>>> print(open('final-v2.txt').read())   # compact mmCIF, C-alpha atoms and all ligand atoms
# COMPACT_ATOMS: atom_id res chain seq x y z
CA MET A 229 152.01 33.69 185.76
CA VAL A 230 149.98 35.30 188.55
CA ASP A 231 148.48 38.75 187.95
CA SER A 232 146.29 40.81 190.27
CA PHE A 233 143.18 39.07 188.95
CA LEU A 234 144.47 35.57 189.70
CA ALA A 235 145.91 36.76 193.02
CA ARG A 236 142.42 37.78 194.04
CA VAL A 237 140.99 34.42 192.96
CA LEU A 238 143.63 32.61 195.03
CA ALA A 239 142.90 34.79 198.07
CA GLU A 240 139.17 34.06 197.70
CA LEU A 241 139.86 30.32 197.49
CA ALA A 242 141.89 30.47 200.69
CA ALA A 243 139.14 32.47 202.38
CA GLY A 244 136.61 29.89 201.19
CA ALA A 245 138.68 27.11 202.69
CA ARG A 246 138.77 28.97 206.01
CA LEU A 247 134.97 29.05 206.02
CA LEU A 248 135.09 25.27 206.02
CA ALA A 249 137.55 25.43 208.90
CA ALA A 250 140.19 24.12 206.51
CA GLN A 251 143.59 25.61 205.80
CA ALA A 252 144.85 26.21 202.28
CA VAL A 253 148.55 26.21 201.46
CA LEU A 254 149.75 27.24 198.01
CA VAL A 255 152.50 24.89 196.94
CA GLY A 256 154.99 25.02 194.10
CA MET A 257 155.09 28.65 193.07
CA ARG A 258 158.07 29.14 190.81
CA PRO A 259 160.74 31.61 191.95
CA SER A 260 160.22 33.77 188.84
CA VAL A 261 156.52 34.07 189.68
CA ALA A 262 157.24 34.94 193.32
CA ILE A 263 159.76 37.62 192.29
CA THR A 264 157.28 39.13 189.83
CA LEU A 265 154.46 39.11 192.39
CA VAL A 266 156.54 41.02 194.92
CA GLU A 267 157.54 43.63 192.34
CA LEU A 268 153.94 43.94 191.19
CA GLY A 269 153.13 44.75 194.82
CA LEU A 270 150.98 41.72 195.61
CA ALA A 271 151.91 40.12 198.90
CA LEU A 272 149.09 37.53 198.74
CA PRO A 273 147.84 38.34 202.24
CA GLY A 274 146.06 35.51 203.97
CA LEU A 275 147.64 32.97 201.66
CA ASP A 276 150.02 30.48 203.17
CA THR A 277 152.74 29.20 200.83
CA ALA A 278 155.20 26.34 200.89
CA ARG A 279 157.84 25.13 198.48
CA THR A 280 156.83 21.48 198.51
CA VAL A 281 153.92 19.32 199.54
CA SER A 282 156.10 17.70 202.24
CA GLU A 283 156.94 21.12 203.62
CA ALA A 284 153.24 22.06 203.70
CA ALA A 285 152.32 18.76 205.37
CA ALA A 286 155.04 19.26 207.98
CA ARG A 287 153.19 22.38 209.15
CA PHE A 288 150.29 20.14 210.07
CA GLY A 289 152.61 17.73 211.84
CA ILE A 290 152.48 15.19 209.03
CA GLU A 291 155.71 13.70 207.75
CA ILE A 292 155.88 12.66 204.11
CA ARG A 293 158.93 10.60 203.29
CA ASP A 294 160.11 11.21 199.74
CA THR A 295 161.43 8.20 197.92
CA ALA A 296 161.68 9.96 194.58
CA PRO A 297 162.05 13.66 193.79
CA ARG A 298 158.66 15.25 193.14
CA THR A 299 159.48 17.85 190.60
CA ALA A 300 155.85 18.52 189.75
CA ALA A 301 155.11 19.70 193.26
CA ARG A 302 158.16 21.92 193.34
CA GLY A 303 157.19 24.40 190.66
CA THR A 304 159.21 23.42 187.65
CA ASP A 305 160.04 25.79 184.85
CA TRP A 306 157.55 24.64 182.29
CA ASN A 307 156.03 27.10 179.90
CA GLU A 308 152.68 28.05 181.24
CA THR A 309 151.14 31.44 180.68
CA MET B 15 166.93 52.16 168.04
CA SER B 16 165.63 50.36 164.98
CA THR B 17 162.39 48.52 164.58
CA ASP B 18 162.27 45.02 163.21
CA GLU B 19 159.28 45.01 160.88
CA ARG B 20 159.15 41.23 160.69
CA THR B 21 158.21 40.95 164.32
CA SER B 22 155.59 43.58 164.71
CA PHE B 23 152.03 42.45 165.14
CA ARG B 24 148.75 43.62 166.51
CA LEU B 25 146.30 41.57 168.54
CA PRO B 26 142.73 42.37 169.52
CA VAL B 27 141.85 42.84 173.20
CA ARG B 28 138.10 42.37 173.15
CA ASN B 29 137.34 39.40 175.41
CA ASP B 30 138.81 36.94 177.91
CA ALA B 31 140.06 34.61 175.18
CA ASP B 32 142.01 37.53 173.70
CA LEU B 33 143.72 38.05 177.06
CA MET B 34 144.95 34.48 176.91
CA THR B 35 146.24 34.92 173.37
CA VAL B 36 148.08 38.10 174.34
CA ARG B 37 149.78 36.31 177.26
CA GLN B 38 150.75 33.37 175.04
CA ARG B 39 152.15 35.50 172.22
CA VAL B 40 154.12 37.72 174.59
CA ARG B 41 155.48 34.66 176.40
CA GLY B 42 156.45 33.04 173.07
CA LEU B 43 158.16 36.14 171.72
CA SER B 44 160.15 36.80 174.89
CA GLN B 45 161.27 33.16 174.88
CA GLU B 46 162.32 33.38 171.24
CA GLN B 47 164.27 36.53 171.97
CA GLY B 48 166.20 34.82 174.74
CA PHE B 49 164.69 36.66 177.69
CA GLY B 50 165.39 34.95 181.02
CA LEU B 51 162.59 33.30 182.94
CA VAL B 52 162.15 36.19 185.37
CA GLN B 53 162.10 38.70 182.51
CA GLN B 54 159.55 36.61 180.62
CA THR B 55 157.32 36.38 183.66
CA LYS B 56 157.53 40.12 184.34
CA LEU B 57 156.59 41.00 180.78
CA VAL B 58 153.75 38.50 180.57
CA THR B 59 152.38 39.66 183.93
CA ALA B 60 152.53 43.34 182.88
CA ALA B 61 150.86 42.40 179.58
CA SER B 62 148.11 40.59 181.44
CA GLU B 63 147.44 43.58 183.74
CA LEU B 64 147.44 46.12 180.92
CA ALA B 65 145.33 43.96 178.61
CA ARG B 66 142.74 43.54 181.35
CA ASN B 67 142.67 47.30 181.89
CA THR B 68 142.16 47.82 178.14
CA LEU B 69 139.28 45.36 178.26
CA ILE B 70 137.61 46.38 181.54
CA HIS B 71 138.27 50.12 181.79
CA GLY B 72 138.83 50.95 178.11
CA GLY B 73 135.94 48.88 176.80
CA GLY B 74 138.26 46.84 174.59
CA GLY B 75 140.96 47.77 172.11
CA SER B 76 144.16 46.24 170.81
CA VAL B 77 147.82 45.71 171.53
CA THR B 78 150.72 46.27 169.18
CA VAL B 79 153.82 44.21 169.86
CA GLU B 80 157.11 45.43 168.48
CA LEU B 81 160.75 44.38 168.63
CA SER B 82 163.63 46.78 168.67
CA THR B 83 167.39 46.67 169.22
CA ASP B 84 169.76 49.16 170.76
CA GLY B 85 173.45 49.90 170.22
CA ASP B 86 174.46 47.47 172.97
CA GLY B 87 172.92 44.50 171.21
CA ARG B 88 169.99 44.31 173.56
CA THR B 89 166.53 43.47 172.32
CA GLY B 90 163.49 45.35 173.48
CA ILE B 91 159.91 44.18 173.37
CA THR B 92 157.44 47.05 173.30
CA LEU B 93 153.74 46.60 173.98
CA VAL B 94 151.30 49.37 173.14
CA PHE B 95 147.81 48.84 174.54
CA SER B 96 145.28 51.23 173.10
CA ASP B 97 141.58 51.76 173.47
CA GLU B 98 138.97 54.34 172.67
CA GLY B 99 137.43 54.29 176.11
CA PRO B 100 136.75 57.05 178.64
CA GLY B 101 140.42 57.90 179.21
CA ILE B 102 142.07 58.54 182.58
CA PRO B 103 141.31 61.96 184.11
CA ASP B 104 144.25 61.91 186.54
CA ILE B 105 147.21 59.72 185.52
CA ALA B 106 149.19 60.35 188.72
CA LEU B 107 146.24 59.20 190.78
CA ALA B 108 145.65 56.12 188.59
CA LEU B 109 149.34 55.21 189.02
CA ARG B 110 149.05 55.21 192.79
CA ASP B 111 149.23 51.79 194.48
CA GLY B 112 145.78 50.77 195.58
CA TYR B 113 143.84 53.31 193.54
CA SER B 114 140.95 51.74 191.66
CA THR B 115 137.70 53.12 190.30
CA ALA B 116 136.36 49.61 189.80
CA GLY B 117 136.73 48.03 193.23
CA GLY B 118 139.91 46.28 192.12
CA LEU B 119 143.19 45.99 194.01
CA GLY B 120 144.47 49.01 192.13
CA MET B 121 147.86 47.41 191.58
CA GLY B 122 147.68 46.77 187.83
CA LEU B 123 148.92 50.06 186.43
CA SER B 124 151.43 50.94 189.16
CA GLY B 125 152.68 47.35 189.37
CA SER B 126 153.14 47.02 185.61
CA LYS B 127 155.20 50.18 185.64
CA ARG B 128 157.56 48.57 188.17
CA LEU B 129 157.86 45.38 186.11
CA VAL B 130 159.15 46.99 182.91
CA ASP B 131 162.00 49.34 181.92
CA ASP B 132 160.05 52.03 180.09
CA PHE B 133 156.45 52.91 180.77
CA GLU B 134 154.24 55.66 179.42
CA VAL B 135 150.55 56.51 179.64
CA GLU B 136 148.95 58.76 177.08
CA THR B 137 145.31 59.51 177.56
CA THR B 138 142.66 61.99 176.54
CA PRO B 139 139.45 62.03 178.56
CA GLY B 140 136.59 61.02 176.29
CA GLU B 141 138.89 59.76 173.55
CA GLY B 142 140.93 56.91 174.86
CA THR B 143 144.14 55.61 176.39
CA ALA B 144 147.43 54.23 175.13
CA VAL B 145 149.84 52.55 177.53
CA THR B 146 153.33 51.78 176.24
CA ALA B 147 155.57 49.33 178.09
CA THR B 148 159.05 48.16 177.05
CA LEU B 149 161.27 45.52 178.59
CA TRP B 150 164.87 45.05 177.45
CA SER B 151 166.75 41.75 177.36
CA GLY B 152 169.98 41.15 179.17
CA PRO B 153 171.38 42.68 182.35
CA PRO B 154 170.25 46.17 183.34
CA LEU B 155 172.35 49.02 181.98
CA ASN B 156 171.31 51.52 184.60
CA GLY B 157 171.00 49.54 187.78
CA ARG B 158 167.28 48.99 187.51
CA ARG B 159 165.56 45.62 187.63
N1 LIG C 401 142.73 51.77 179.74
C1 LIG C 401 142.14 52.48 180.72
N2 LIG C 401 141.09 53.32 180.43
C2 LIG C 401 140.49 54.03 181.42
N3 LIG C 401 140.86 53.99 182.71
C3 LIG C 401 141.89 53.18 183.06
C4 LIG C 401 142.58 52.39 182.08
N4 LIG C 401 143.56 51.70 182.73
C5 LIG C 401 143.47 52.04 184.02
N5 LIG C 401 142.48 52.93 184.24
C6 LIG C 401 142.10 53.58 185.52
O1 LIG C 401 143.18 53.46 186.43
C7 LIG C 401 142.74 52.78 187.62
C8 LIG C 401 143.89 51.99 188.19
O2 LIG C 401 144.19 50.87 187.33
P1 LIG C 401 144.78 49.54 187.97
O3 LIG C 401 145.02 48.56 186.90
O4 LIG C 401 145.97 49.94 188.80
O5 LIG C 401 143.64 49.09 188.97
P2 LIG C 401 142.31 48.28 188.67
O6 LIG C 401 142.30 47.81 187.25
O7 LIG C 401 141.15 49.10 189.09
O8 LIG C 401 142.44 47.05 189.65
P3 LIG C 401 143.45 45.79 189.47
O9 LIG C 401 144.39 45.83 190.64
O10 LIG C 401 142.57 44.59 189.50
O11 LIG C 401 144.19 45.94 188.18
C9 LIG C 401 141.53 51.97 187.20
O12 LIG C 401 140.66 51.71 188.29
C10 LIG C 401 140.89 52.91 186.17
O13 LIG C 401 140.15 53.93 186.79
MG MG C 402 143.88 46.78 186.37
>>> encode(input="final-v2.txt", output="structure tokens")
Amino acid sequence: MVDSFLARVLAELAAGARLLAAQAVLVGMRPSVAITLVELGLALPGLDTARTVSEAAARFGIEIRDTAPRTAARGTDWNET
Amino acid sequence: MSTDERTSFRLPVRNDADLMTVRQRVRGLSQEQGFGLVQQTKLVTAASELARNTLIHGGGGSVTVELSTDGDGRTGITLVFSDEGPGIPDIALALRDGYSTAGGLGMGLSGSKRLVDDFEVETTPGEGTAVTATLWSGPPLNGRR
């Protein structure tokens, strides 16, 4: 679950990373969370997202070859709050 | 609409740990009642926003969680957040996207309203605020959601 409070924390983390000349990519957000965020009205500006770690790495020109499915990095439907 | 007395409970909203408990109990109940994952997430997110408002703006209070059923066999989960804080002088203004008196994003109240099926704010300046939010299980009956 991501509410406006956590959205702000995430945005601040990404801004902090930029200060270090690093880029932050949020990986593995579950579809249900993304849908809820949009309806809540939070577009997470300044936060780059990707579905998987490989997808995020590809943006930096790095290829990760998957030998096994990495469910943990793909935002599985476990019961967090 | 009938109320199921067995699943009605009240939780305190007085500190950060309480916020976590509220999220967990709402998540658990919506799971038990067979709400889909998107529905669960919407209700828990609305609960988190409203509970934080109760804590931050209302100075603390409580939430009552209640189950109900309608004639179409749907189950509704109703959350009533109440506090005895300063109240909201202008509800329409408070419900505007981006309006915050606390330097916040101002998306909590307006966003929560979009996440649930029924939403109501009752407030008396100087006496307190009660925000009622209900989400129904199953497919929408009126094209919303
Ligand atoms: N329980 C409450 N008691 C008094 N005022 C409230 C209450 N809930 C909301 N408000 C008022 O409504 C405004 C809008 O609330 P909203 O949740 O949308 O924004 P916020 O809490 O300021 O920021 P955030 O986006 O972080 O939630 C608040 O700034 C506050 O002035
Ligand atoms: Mg708020």
>>> closest_residue(input="final-v2.txt", among="B:Leu64, B:Ala147, B:Val77, B:Leu51", to="Phe23 of chain B", atoms="all atoms listed in the file")
B:Val77
>>> residues_around(input="final-v2.txt", residues="Thr138 of chain B", least_positions_apart="4", cutoff="10 Å", atoms="only C-alpha atoms", output="PyMOL selection string")
chain B and resi 98-103+142-144
>>> residues_near_ligand(input="final-v2.txt", ligand="ligand MG 402 (chain C)", cutoff="12 Å", atoms="all atoms listed in the file", output="VMD selection string")
(chain A and resid 231 to 234 236 268) or (chain B and resid 59 to 72 108 to 127)
>>> residues_around(input="final-v2.txt", residues="segment 285-290 of chain A", least_positions_apart="6", cutoff="12 Å", atoms="only C-alpha atoms", output="list in words")
Ala250, Gln251, Ala252, Val253, Leu254, Val255, Asp276, Thr277, Ala278 and Arg279 of chain A
>>> closest_residue(input="final-v2.txt", among="A:Ala249, A:Leu270, A:Ala242, A:Met257", to="chain B", atoms="all atoms listed in the file")
A:Leu270
